[in-house]
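With mmCIF, C-alpha atoms and all ligand atoms inside, this is data-v2.cif:
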```cif
data_model
#
loop_
_atom_site.label_atom_id
_atom_site.label_comp_id
_atom_site.auth_asym_id
_atom_site.auth_seq_id
_atom_site.Cartn_x
_atom_site.Cartn_y
_atom_site.Cartn_z
CA MET Q 15 70.78 29.13 -12.08
CA ASN Q 16 67.19 28.22 -12.54
CA LEU Q 17 66.80 24.53 -12.78
CA PRO Q 18 64.17 23.47 -15.25
CA PHE Q 19 62.21 21.59 -12.59
CA VAL Q 20 62.20 24.73 -10.42
CA ARG Q 21 60.86 26.70 -13.33
CA VAL Q 22 58.23 24.12 -13.96
CA SER Q 23 57.31 24.09 -10.32
CA GLU Q 24 57.18 27.90 -10.25
CA ASN Q 25 55.06 27.84 -13.35
CA ALA Q 26 52.82 25.25 -11.79
CA ALA Q 27 52.40 27.43 -8.72
CA GLU Q 28 51.48 30.34 -10.98
CA HIS Q 29 48.93 28.32 -12.89
CA GLN Q 30 47.60 26.47 -9.89
CA PRO Q 31 44.58 28.73 -9.27
CA ILE Q 32 43.61 28.56 -12.94
CA LEU Q 33 44.02 24.79 -12.96
CA MET Q 34 42.06 24.48 -9.80
CA LEU Q 35 39.26 26.61 -11.19
CA LEU Q 36 39.25 24.54 -14.34
CA MET Q 37 39.10 21.38 -12.29
CA ILE Q 38 36.23 22.71 -10.23
CA LYS Q 39 34.41 23.74 -13.41
CA LEU Q 40 35.01 20.31 -14.89
CA ARG Q 41 33.80 18.63 -11.73
CA ARG Q 42 30.70 20.81 -11.74
CA LEU Q 43 30.02 19.93 -15.36
CA TRP Q 44 30.51 16.28 -14.59
CA VAL Q 45 28.13 16.45 -11.59
CA LYS Q 46 25.56 18.28 -13.73
CA ALA Q 47 25.84 15.68 -16.47
CA TYR Q 48 25.57 12.92 -13.88
CA ILE Q 49 22.49 14.46 -12.27
CA CYS Q 50 20.87 15.01 -15.68
CA THR Q 51 21.53 11.42 -16.68
CA VAL Q 52 20.23 10.03 -13.39
CA ALA Q 53 17.18 12.30 -13.50
CA HIS Q 54 16.54 11.35 -17.11
CA LEU Q 55 16.94 7.67 -16.30
CA SER Q 56 14.71 7.98 -13.24
CA VAL Q 57 11.97 9.85 -15.18
CA HIS Q 58 12.34 7.30 -17.91
CA SER Q 59 12.20 4.38 -15.48
CA GLN Q 60 9.25 5.96 -13.61
CA ALA Q 61 7.39 6.31 -16.89
CA GLN Q 62 8.29 2.74 -17.74
CA THR Q 63 7.06 1.49 -14.33
CA MET Q 64 3.85 3.43 -14.83
CA MET Q 65 3.31 1.93 -18.30
CA ASP Q 66 3.96 -1.56 -16.91
CA LEU Q 67 1.51 -1.00 -14.07
CA ILE Q 68 -1.15 0.36 -16.41
CA ALA Q 69 -0.81 -2.68 -18.66
CA LYS Q 70 -0.97 -5.03 -15.66
CA ILE Q 71 -4.05 -3.26 -14.24
CA GLN Q 72 -5.82 -3.42 -17.57
CA LYS Q 73 -5.08 -7.15 -17.92
CA LEU Q 74 -6.24 -7.94 -14.39
CA LYS Q 75 -9.34 -5.81 -14.82
CA LYS Q 76 -10.44 -7.95 -17.75
CA GLU Q 77 -9.60 -11.23 -16.02
CA LYS Q 78 -11.50 -10.26 -12.88
CA LYS Q 79 -14.42 -8.64 -14.75
CA ALA Q 80 -13.86 -5.45 -12.80
CA ILE Q 81 -14.87 -1.86 -13.41
CA ILE Q 82 -12.89 1.09 -12.04
CA LEU Q 83 -14.77 4.14 -10.76
CA ALA Q 84 -12.82 7.26 -9.81
CA HIS Q 85 -13.82 10.50 -8.12
CA ASN Q 86 -12.99 13.85 -9.74
CA TYR Q 87 -10.34 14.43 -7.01
CA GLN Q 88 -8.27 11.35 -7.83
CA ARG Q 89 -4.72 11.55 -9.18
CA ALA Q 90 -4.47 12.18 -12.95
CA GLU Q 91 -3.22 8.65 -13.72
CA ILE Q 92 -6.08 7.10 -11.72
CA GLN Q 93 -8.65 9.23 -13.55
CA ASP Q 94 -7.06 8.22 -16.85
CA ILE Q 95 -7.25 4.50 -16.17
CA ALA Q 96 -10.78 4.60 -14.73
CA ASP Q 97 -13.83 3.45 -16.69
CA TYR Q 98 -15.81 6.29 -15.24
CA VAL Q 99 -14.89 9.56 -13.48
CA GLY Q 100 -17.51 11.60 -11.67
CA ASP Q 101 -18.88 13.31 -8.57
CA SER Q 102 -20.34 11.45 -5.62
CA ILE Q 103 -23.90 11.14 -6.93
CA GLU Q 104 -22.81 10.08 -10.41
CA LEU Q 105 -20.49 7.42 -8.98
CA SER Q 106 -23.21 6.10 -6.62
CA ARG Q 107 -25.64 5.85 -9.50
CA LYS Q 108 -23.06 4.15 -11.69
CA ALA Q 109 -22.30 1.61 -8.93
CA MET Q 110 -26.00 1.01 -8.33
CA GLU Q 111 -26.74 0.41 -12.01
CA GLU Q 112 -23.68 -1.71 -12.79
CA LYS Q 113 -24.77 -5.10 -14.16
CA ASP Q 114 -21.90 -6.74 -16.06
CA ALA Q 115 -18.92 -6.32 -13.74
CA GLU Q 116 -18.34 -8.69 -10.83
CA THR Q 117 -16.09 -6.25 -8.98
CA ILE Q 118 -16.25 -2.50 -8.56
CA VAL Q 119 -12.93 -0.89 -7.62
CA PHE Q 120 -13.81 2.43 -6.04
CA CYS Q 121 -10.97 4.94 -6.26
CA ALA Q 122 -12.15 7.54 -3.77
CA VAL Q 123 -12.74 7.58 -0.01
CA ASP Q 124 -14.52 5.27 2.46
CA PHE Q 125 -18.06 6.66 2.40
CA MET Q 126 -18.26 6.53 -1.40
CA ALA Q 127 -17.20 2.87 -1.52
CA GLN Q 128 -19.64 2.10 1.30
CA SER Q 129 -22.49 3.69 -0.68
CA ALA Q 130 -21.59 1.48 -3.66
CA ALA Q 131 -21.63 -1.63 -1.42
CA ILE Q 132 -24.99 -0.59 0.02
CA LEU Q 133 -26.55 0.15 -3.37
CA ASN Q 134 -25.25 -2.93 -5.17
CA PRO Q 135 -24.71 -5.66 -2.55
CA GLN Q 136 -24.29 -8.39 -5.20
CA LYS Q 137 -20.94 -6.91 -6.30
CA LYS Q 138 -17.55 -7.07 -4.66
CA VAL Q 139 -16.69 -3.45 -3.84
CA LEU Q 140 -12.99 -2.76 -3.31
CA LEU Q 141 -11.38 0.35 -1.82
CA PRO Q 142 -7.67 0.24 -2.80
CA THR Q 143 -6.52 1.98 0.41
CA LEU Q 144 -8.24 1.45 3.75
CA GLY Q 145 -6.74 4.68 5.05
CA ALA Q 146 -8.62 6.73 2.44
CA ARG Q 147 -11.15 8.12 4.90
CA CYS Q 148 -13.07 11.35 4.64
CA PRO Q 149 -12.53 13.27 7.91
CA MET Q 150 -15.85 15.04 7.50
CA ALA Q 151 -17.68 11.71 7.45
CA GLN Q 152 -16.05 10.83 10.79
CA MET Q 153 -17.41 14.03 12.36
CA LEU Q 154 -20.99 12.80 12.70
CA THR Q 155 -21.80 10.02 15.17
CA THR Q 156 -25.11 8.20 15.52
CA GLU Q 157 -25.29 9.49 19.12
CA GLU Q 158 -25.21 13.08 17.84
CA ILE Q 159 -28.00 12.35 15.36
CA LYS Q 160 -30.14 10.75 18.07
CA ARG Q 161 -29.48 13.68 20.42
CA CYS Q 162 -30.53 16.19 17.78
CA LYS Q 163 -33.60 14.14 16.80
CA ALA Q 164 -34.73 14.14 20.43
CA LEU Q 165 -34.50 17.95 20.45
CA HIS Q 166 -36.42 18.30 17.15
CA PRO Q 167 -38.67 15.23 17.00
CA ASN Q 168 -40.74 16.50 14.04
CA ALA Q 169 -37.90 17.63 11.82
CA PRO Q 170 -36.68 15.31 9.05
CA VAL Q 171 -32.98 14.42 8.98
CA VAL Q 172 -31.10 15.05 5.74
CA LEU Q 173 -27.56 13.70 5.60
CA TYR Q 174 -24.91 14.55 3.10
CA VAL Q 175 -23.52 11.35 1.54
CA ASN Q 176 -20.20 12.26 3.21
CA THR Q 177 -21.28 10.18 6.22
CA LEU Q 178 -20.68 6.62 7.34
CA ALA Q 179 -23.29 3.90 6.75
CA GLU Q 180 -24.36 3.88 10.42
CA ALA Q 181 -25.26 7.57 10.19
CA LYS Q 182 -27.10 7.12 6.88
CA ALA Q 183 -29.16 4.40 8.56
CA GLU Q 184 -30.39 7.05 11.03
CA CYS Q 185 -31.57 9.64 8.51
CA ASP Q 186 -34.69 10.13 6.39
CA ILE Q 187 -32.99 11.03 3.14
CA CYS Q 188 -29.46 11.55 1.82
CA CYS Q 189 -28.20 14.30 -0.45
CA THR Q 190 -25.02 15.30 -2.26
CA SER Q 191 -23.71 18.75 -3.08
CA ALA Q 192 -25.35 18.31 -6.51
CA ASN Q 193 -28.90 17.96 -5.16
CA ALA Q 194 -28.95 19.21 -1.54
CA ILE Q 195 -31.20 22.21 -2.35
CA GLU Q 196 -33.74 20.09 -4.24
CA VAL Q 197 -33.74 17.40 -1.53
CA VAL Q 198 -34.46 19.93 1.23
CA ARG Q 199 -37.10 21.67 -0.92
CA SER Q 200 -38.82 18.33 -1.50
CA LEU Q 201 -39.49 17.88 2.22
CA ASP Q 202 -42.78 18.88 3.74
CA SER Q 203 -41.20 20.62 6.74
CA ASN Q 204 -39.87 24.07 7.40
CA THR Q 205 -37.26 22.86 9.86
CA VAL Q 206 -34.68 20.34 8.70
CA LEU Q 207 -31.78 18.68 10.54
CA PHE Q 208 -28.82 18.69 8.19
CA GLY Q 209 -25.26 17.33 8.50
CA PRO Q 210 -22.38 17.00 8.66
CA ASP Q 211 -21.16 19.94 6.54
CA ARG Q 212 -21.92 23.27 8.17
CA ASN Q 213 -21.11 25.27 5.02
CA LEU Q 214 -23.40 23.19 2.85
CA ALA Q 215 -26.09 23.50 5.54
CA GLU Q 216 -25.79 27.32 5.45
CA TYR Q 217 -25.86 27.37 1.65
CA VAL Q 218 -29.02 25.22 1.62
CA ALA Q 219 -30.62 27.52 4.22
CA GLU Q 220 -29.85 30.56 2.03
CA LYS Q 221 -31.31 28.93 -1.07
CA THR Q 222 -34.43 27.32 0.44
CA GLY Q 223 -35.30 29.85 3.15
CA LYS Q 224 -35.91 26.94 5.54
CA THR Q 225 -34.62 26.64 9.11
CA ILE Q 226 -31.63 24.34 8.93
CA VAL Q 227 -30.25 22.86 12.13
CA ALA Q 228 -26.65 21.80 11.59
CA LEU Q 229 -25.51 18.51 13.08
CA PRO Q 230 -22.89 18.42 14.44
CA GLU Q 231 -22.67 22.15 15.07
CA TYR Q 232 -19.39 22.57 13.15
CA GLY Q 233 -18.81 19.78 10.66
CA PHE Q 234 -16.41 20.77 7.88
CA CYS Q 235 -14.08 19.66 5.11
CA PRO Q 236 -10.44 20.50 6.04
CA THR Q 237 -9.48 20.84 2.37
CA HIS Q 238 -12.23 23.26 1.37
CA LEU Q 239 -11.64 25.35 4.47
CA LEU Q 240 -8.22 26.28 3.05
CA PHE Q 241 -9.73 28.55 0.40
CA GLN Q 242 -9.65 32.24 1.30
CA PRO Q 243 -11.36 35.08 -0.59
CA GLU Q 244 -8.12 37.15 -0.64
CA ASP Q 245 -6.53 34.57 -2.92
CA VAL Q 246 -9.43 34.95 -5.32
CA THR Q 247 -9.02 38.76 -5.24
CA VAL Q 248 -5.36 38.45 -6.26
CA LEU Q 249 -6.13 35.92 -9.01
CA ARG Q 250 -8.97 38.10 -10.27
CA GLN Q 251 -6.58 41.02 -10.66
CA GLU Q 252 -4.31 38.84 -12.78
CA HIS Q 253 -7.18 37.28 -14.75
CA PRO Q 254 -10.02 39.84 -14.79
CA GLU Q 255 -12.07 37.82 -17.29
CA ALA Q 256 -12.01 34.61 -15.23
CA VAL Q 257 -15.19 33.00 -13.86
CA VAL Q 258 -14.94 31.94 -10.19
CA MET Q 259 -16.36 28.45 -9.48
CA VAL Q 260 -16.64 27.28 -5.90
CA HIS Q 261 -17.74 24.07 -4.16
CA PRO Q 262 -20.49 24.54 -1.52
CA GLU Q 263 -18.18 23.00 1.11
CA CYS Q 264 -16.23 26.29 0.98
CA SER Q 265 -16.91 29.05 3.51
CA SER Q 266 -19.66 31.66 3.12
CA GLU Q 267 -16.91 34.24 2.35
CA MET Q 268 -15.85 32.13 -0.61
CA ARG Q 269 -19.45 31.70 -1.74
CA LYS Q 270 -19.77 35.48 -1.78
CA VAL Q 271 -16.94 35.87 -4.29
CA ALA Q 272 -18.16 33.03 -6.52
CA ASP Q 273 -19.87 33.35 -9.89
CA PHE Q 274 -20.91 29.70 -9.80
CA ILE Q 275 -21.45 27.31 -6.88
CA GLY Q 276 -21.84 23.59 -7.48
CA SER Q 277 -20.71 20.01 -7.11
CA THR Q 278 -17.54 18.89 -8.88
CA SER Q 279 -19.34 17.50 -11.94
CA LYS Q 280 -21.60 20.54 -12.13
CA MET Q 281 -18.43 22.65 -12.32
CA CYS Q 282 -17.16 20.45 -15.16
CA ARG Q 283 -20.41 20.87 -17.08
CA PHE Q 284 -20.48 24.61 -16.45
CA ALA Q 285 -16.91 25.06 -17.70
CA LYS Q 286 -17.64 23.04 -20.85
CA ASP Q 287 -20.79 24.99 -21.74
CA ALA Q 288 -19.49 28.45 -20.81
CA ALA Q 289 -18.37 30.90 -23.47
CA GLU Q 290 -15.70 32.20 -21.05
CA LYS Q 291 -12.16 30.93 -21.44
CA GLU Q 292 -10.69 31.35 -17.95
CA PHE Q 293 -11.77 29.92 -14.61
CA ILE Q 294 -10.65 30.26 -10.98
CA ILE Q 295 -11.40 27.01 -9.16
CA GLY Q 296 -12.41 26.70 -5.50
CA THR Q 297 -12.29 22.97 -4.98
CA GLU Q 298 -9.76 20.14 -4.63
CA GLU Q 299 -6.92 20.27 -7.17
CA GLY Q 300 -7.65 16.84 -8.75
CA ILE Q 301 -10.52 18.36 -10.70
CA LEU Q 302 -8.08 20.46 -12.75
CA HIS Q 303 -6.95 17.35 -14.61
CA ARG Q 304 -10.48 16.64 -15.86
CA LEU Q 305 -11.22 20.31 -16.57
CA ARG Q 306 -8.03 20.72 -18.63
CA LYS Q 307 -8.51 17.43 -20.44
CA GLU Q 308 -12.09 18.27 -21.43
CA ASN Q 309 -11.34 21.92 -22.29
CA PRO Q 310 -7.82 22.10 -23.73
CA GLU Q 311 -8.45 25.59 -25.12
CA LYS Q 312 -9.50 27.02 -21.72
CA LYS Q 313 -7.41 28.05 -18.72
CA PHE Q 314 -7.97 26.95 -15.12
CA TYR Q 315 -6.35 28.41 -11.99
CA LEU Q 316 -6.65 26.78 -8.58
CA ALA Q 317 -7.73 29.44 -6.06
CA TYR Q 318 -5.27 27.98 -3.53
CA GLU Q 319 -2.40 25.68 -4.59
CA GLY Q 320 -2.40 23.78 -1.30
CA ALA Q 321 -6.00 22.58 -1.68
CA VAL Q 322 -5.24 18.88 -1.80
CA CYS Q 323 -7.34 16.20 -0.12
CA PRO Q 324 -4.66 13.84 1.24
CA ASN Q 325 -7.22 11.06 1.63
CA MET Q 326 -8.22 11.17 -2.02
CA LYS Q 327 -4.56 11.09 -3.05
CA LEU Q 328 -3.81 7.86 -1.18
CA THR Q 329 -4.93 5.85 -4.18
CA THR Q 330 -1.93 5.27 -6.44
CA LEU Q 331 -1.44 2.98 -9.43
CA ASP Q 332 0.50 0.41 -7.40
CA ARG Q 333 -2.21 0.34 -4.72
CA LEU Q 334 -4.87 -0.01 -7.39
CA TYR Q 335 -2.93 -2.91 -8.90
CA ALA Q 336 -2.51 -4.60 -5.49
CA SER Q 337 -6.21 -4.05 -4.83
CA LEU Q 338 -7.21 -5.88 -8.01
CA LYS Q 339 -4.63 -8.61 -7.55
CA GLU Q 340 -5.35 -9.37 -3.89
CA GLU Q 341 -9.04 -8.36 -4.08
CA ARG Q 342 -8.62 -5.90 -1.26
CA TYR Q 343 -10.02 -4.09 0.62
CA LEU Q 344 -13.44 -5.58 0.47
CA ILE Q 345 -16.07 -3.14 1.72
CA ARG Q 346 -18.98 -4.78 3.50
CA VAL Q 347 -21.83 -3.15 5.38
CA PRO Q 348 -23.83 -5.26 7.86
CA GLU Q 349 -27.22 -6.02 6.26
CA LYS Q 350 -29.27 -4.43 9.06
CA ILE Q 351 -27.48 -1.09 8.61
CA ALA Q 352 -27.29 -1.43 4.82
CA THR Q 353 -31.07 -1.89 4.48
CA LYS Q 354 -31.81 1.35 6.33
CA ALA Q 355 -29.00 3.29 4.65
CA ARG Q 356 -30.13 2.02 1.22
CA ALA Q 357 -33.64 3.39 1.87
CA SER Q 358 -32.17 6.87 2.59
CA LEU Q 359 -30.02 6.76 -0.55
CA GLU Q 360 -32.86 5.49 -2.74
CA CYS Q 361 -35.11 8.23 -1.40
CA MET Q 362 -32.52 10.74 -2.65
CA PHE Q 363 -32.57 9.22 -6.15
CA GLN Q 364 -36.35 9.85 -6.30
CA VAL Q 365 -35.80 13.62 -6.04
CA LYS Q 366 -35.51 15.40 -9.38
CA SER Q 367 -32.53 17.77 -9.61
P1 LIG Q 401 -18.85 16.06 -5.05
O1 LIG Q 401 -20.11 15.32 -4.77
O2 LIG Q 401 -19.08 17.45 -5.52
O3 LIG Q 401 -18.00 15.28 -5.97
O4 LIG Q 401 -18.07 16.24 -3.68
C1 LIG Q 401 -17.62 15.20 -2.91
C2 LIG Q 401 -16.66 15.66 -1.92
O5 LIG Q 401 -16.14 14.89 -1.17
C3 LIG Q 401 -16.34 17.05 -1.90
O6 LIG Q 401 -15.32 17.28 -1.02
FE1 LIG Q 402 -13.81 14.56 2.57
FE2 LIG Q 402 -13.07 17.05 2.03
FE3 LIG Q 402 -11.66 15.03 1.05
FE4 LIG Q 402 -14.12 15.55 0.14
S1 LIG Q 402 -12.30 16.85 -0.07
S2 LIG Q 402 -13.30 13.59 0.64
S3 LIG Q 402 -15.14 16.23 2.01
S4 LIG Q 402 -11.91 15.58 3.19
#
```

For the structure just supplied, provide its representation as structure tokens.
Amino acid sequence: MNLPFVRVSENAAEHQPILMLLMIKLRRLWVKAYICTVAHLSVHSQAQTMMDLIAKIQKLKKEKKAIILAHNYQRAEIQDIADYVGDSIELSRKAMEEKDAETIVFCAVDFMAQSAAILNPQKKVLLPTLGARCPMAQMLTTEEIKRCKALHPNAPVVLYVNTLAEAKAECDICCTSANAIEVVRSLDSNTVLFGPDRNLAEYVAEKTGKTIVALPEYGFCPTHLLFQPEDVTVLRQEHPEAVVMVHPECSSEMRKVADFIGSTSKMCRFAKDAAEKEFIIGTEEGILHRLRKENPEKKFYLAYEGAVCPNMKLTTLDRLYASLKEERYLIRVPEKIATKARASLECMFQVKS
């Protein structure tokens, strides 16, 4: 005789796999729902934190009579909160000409903030993160400049602004990627000592026909070195109409595949004025934010997704807020060095480009 409980138990055994599957499915659904809710809440709370920070930064900025300058490679949210976004020469000029603000918060890397402090010593210049250092600027020492000068005593020294103040104090004139060709052309000498970027030095040599001695021998930008022409070939197959824009810090192989070579702001201007609708970009990824914002109808593809300058990305909203609040990190250049470096920077501003 089958007892009811036996039947039930037998039935249960029969249905066990189905029940188990159902339970697993339910658990999965529950986990999914949980993850979705948490993710939604976290995105929501992140957005809320961001909005709070933006409001706090804007309030502090007014109270402290500060202006925020940001390089084209900064994070999107930093570019969006900045009063001015530009390339290195535009930002230097802006810092030099700033009259009303008492504080300039420079969202970029060390040498750019130093240039601002040199050009406008009356202002407090703040760099939100002390670790935001350009490795290329660290590649050129004053000893190397002196050594090279001794070998070529009659050749003028042109230094890219991506150098530290001590190096700038040792040169005759500075340049940026926006005006390097014009600066070298303006000099009354066929041989020029140029540093620290080897690629920019080679590009200037190609364009001016002058003998360029690179100092140090192999100075480079680790981010721009990541671009490879093969990546451009693949992207070109996918987007045959696209214009290739490349920064002069890229290798000569990259220059060869470029339709346009220029500084970050020159790229922005070129993209705006061009009739073309698609662009392959050979410079740090931060520029895509500005390009897309200014040209919503155009398409931009980074030639290599990993091209991120970690130093530029160290500036975050919370660090910017802390910088304003605690007035840190104050960038000062000893007057003796600043006077000489200022002369080299001012000399550059005299050159028409
Ligand atoms: P730009 O002067 O073109 O903005 O370049 C600065 C820089 O650091 C490039 O890596
Ligand atoms: Fe320096 Fe290169 Fe970064 Fe520019 S992109 S700041 S040159 S490391």

Counting all atoms listed in the file, the residue among Q:Met326, Q:Ile132, Q:Leu338, Q:Ala355 that lies closest to Lys76 in chain Q is Q:Leu338

Mind listing the residues within 10 Å of ligand LIG 401 (chain Q), only C-alpha atoms and all ligand atoms counted, as an mmCIF file with C-alpha atoms, in the frame of the given file?
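The resulting file, part.cif, is shown below:
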```cif
data_model
loop_
_atom_site.group_PDB
_atom_site.id
_atom_site.type_symbol
_atom_site.label_atom_id
_atom_site.label_comp_id
_atom_site.auth_asym_id
_atom_site.auth_seq_id
_atom_site.Cartn_x
_atom_site.Cartn_y
_atom_site.Cartn_z
ATOM 1 C CA HIS Q 85 -13.820 10.500 -8.120
ATOM 2 C CA ASN Q 86 -12.990 13.850 -9.740
ATOM 3 C CA TYR Q 87 -10.340 14.430 -7.010
ATOM 4 C CA VAL Q 99 -14.890 9.560 -13.480
ATOM 5 C CA GLY Q 100 -17.510 11.600 -11.670
ATOM 6 C CA ASP Q 101 -18.880 13.310 -8.570
ATOM 7 C CA SER Q 102 -20.340 11.450 -5.620
ATOM 8 C CA ILE Q 103 -23.900 11.140 -6.930
ATOM 9 C CA GLU Q 104 -22.810 10.080 -10.410
ATOM 10 C CA LEU Q 105 -20.490 7.420 -8.980
ATOM 11 C CA SER Q 106 -23.210 6.100 -6.620
ATOM 12 C CA ALA Q 122 -12.150 7.540 -3.770
ATOM 13 C CA VAL Q 123 -12.740 7.580 -0.010
ATOM 14 C CA PHE Q 125 -18.060 6.660 2.400
ATOM 15 C CA MET Q 126 -18.260 6.530 -1.400
ATOM 16 C CA CYS Q 148 -13.070 11.350 4.640
ATOM 17 C CA PRO Q 149 -12.530 13.270 7.910
ATOM 18 C CA MET Q 150 -15.850 15.040 7.500
ATOM 19 C CA ALA Q 151 -17.680 11.710 7.450
ATOM 20 C CA TYR Q 174 -24.910 14.550 3.100
ATOM 21 C CA VAL Q 175 -23.520 11.350 1.540
ATOM 22 C CA ASN Q 176 -20.200 12.260 3.210
ATOM 23 C CA CYS Q 189 -28.200 14.300 -0.450
ATOM 24 C CA THR Q 190 -25.020 15.300 -2.260
ATOM 25 C CA SER Q 191 -23.710 18.750 -3.080
ATOM 26 C CA ALA Q 192 -25.350 18.310 -6.510
ATOM 27 C CA ASN Q 193 -28.900 17.960 -5.160
ATOM 28 C CA ASP Q 211 -21.160 19.940 6.540
ATOM 29 C CA PHE Q 234 -16.410 20.770 7.880
ATOM 30 C CA CYS Q 235 -14.080 19.660 5.110
ATOM 31 C CA PRO Q 236 -10.440 20.500 6.040
ATOM 32 C CA THR Q 237 -9.480 20.840 2.370
ATOM 33 C CA HIS Q 238 -12.230 23.260 1.370
ATOM 34 C CA HIS Q 261 -17.740 24.070 -4.160
ATOM 35 C CA PRO Q 262 -20.490 24.540 -1.520
ATOM 36 C CA GLU Q 263 -18.180 23.000 1.110
ATOM 37 C CA CYS Q 264 -16.230 26.290 0.980
ATOM 38 C CA GLY Q 276 -21.840 23.590 -7.480
ATOM 39 C CA SER Q 277 -20.710 20.010 -7.110
ATOM 40 C CA THR Q 278 -17.540 18.890 -8.880
ATOM 41 C CA SER Q 279 -19.340 17.500 -11.940
ATOM 42 C CA LYS Q 280 -21.600 20.540 -12.130
ATOM 43 C CA MET Q 281 -18.430 22.650 -12.320
ATOM 44 C CA THR Q 297 -12.290 22.970 -4.980
ATOM 45 C CA GLU Q 298 -9.760 20.140 -4.630
ATOM 46 C CA ILE Q 301 -10.520 18.360 -10.700
ATOM 47 C CA CYS Q 323 -7.340 16.200 -0.120
ATOM 48 C CA MET Q 326 -8.220 11.170 -2.020
#
```

Using all atoms listed in the file, the best pick from Q:Arg147, Q:Lys286, Q:Lys160, Q:Lys312 as closest to ligand LIG 402 (chain Q) would be Q:Arg147

- Task: Quick one: everything within 12 Å of range 249-252 of chain Q, counting all atoms listed in the file, minus sequence neighbours fewer than 5 positions away in the same chain. Send it as a list in words.
- Result: Gln242, Pro243, Glu244, Val257, Val258, Val271, Ala272, Asp273, Glu292, Phe293, Ile294, Ile295, Gly296, Phe314, Tyr315, Leu316, Ala317, Tyr318 and Glu319 of chain Q

Requested in this report: Point out the residue among Q:Ile345, Q:Leu178, Q:Ile95, Q:Val218 with the least atom-to-atom distance to ligand LIG 402 (chain Q), counting all atoms listed in the file.
Outcome: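 Closest to ligand LIG 402 (chain Q), using all atoms listed in the file: Q:Leu178.
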
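When CA of Ser266 in chain Q is paired with CA of Tyr217 in chain Q, their separation reads 7.7 Å.
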
Pairwise distance, CA of Lys113 in chain Q with CA of Tyr98 in chain Q, equals 14.5 Å

Residue with the minimum atom-to-atom distance to ligand LIG 402 (chain Q), picked from Q:Ala288, Q:Val322, Q:Ala169, Q:Leu302 with all atoms listed in the file counted, is Q:Val322

In Å and to one decimal, CA of Glu267 in chain Q is distant from CA of Lys307 in chain Q by 29.5 Å

**OP:** For Gln88 in chain Q, work out the shell of residues within 7 Å, counting all atoms listed in the file and skipping chain neighbours fewer than 4 positions away, then give it as a list in words.
**Re:**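 Selected residues are Ala84, Ile92, Gln93, Ala122, Gly300, Met326 and Lys327 of chain Q.
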
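Using all atoms listed in the file, the protein and nucleic acid residues lying no more than 12 Å from Glu340 in chain Q, apart from those fewer than 6 places from it along its own chain, are Leu74, Lys78, Val119, Leu140, Leu141, Pro142, Asp332, Arg333 and Leu334 of chain Q.
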
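Considering the residues Q:Glu311, Q:Glu349, Q:Glu290, Q:Asp124 and counting only C-alpha atoms and all ligand atoms, ligand LIG 402 (chain Q) has its shortest atom-to-atom contact with Q:Asp124.
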
Test item: axis-aligned box, all listed atoms of ligand LIG 402 (chain Q), 6 Å on each side, centre and edges in Å rounded to one decimal, as AutoDock Vina command-line options:
```
--center_x -13.4 --center_y 15.3 --center_z 1.6 --size_x 15.5 --size_y 15.5 --size_z 15.3
```

### Message
Which residue is closest to ligand LIG 402 (chain Q)? Choose from Q:Lys137, Q:Lys354, Q:Arg212, Q:Lys79 and count only C-alpha atoms and all ligand atoms.
### Response
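Among Q:Lys137, Q:Lys354, Q:Arg212, Q:Lys79, it is Q:Arg212 that comes nearest to ligand LIG 402 (chain Q).
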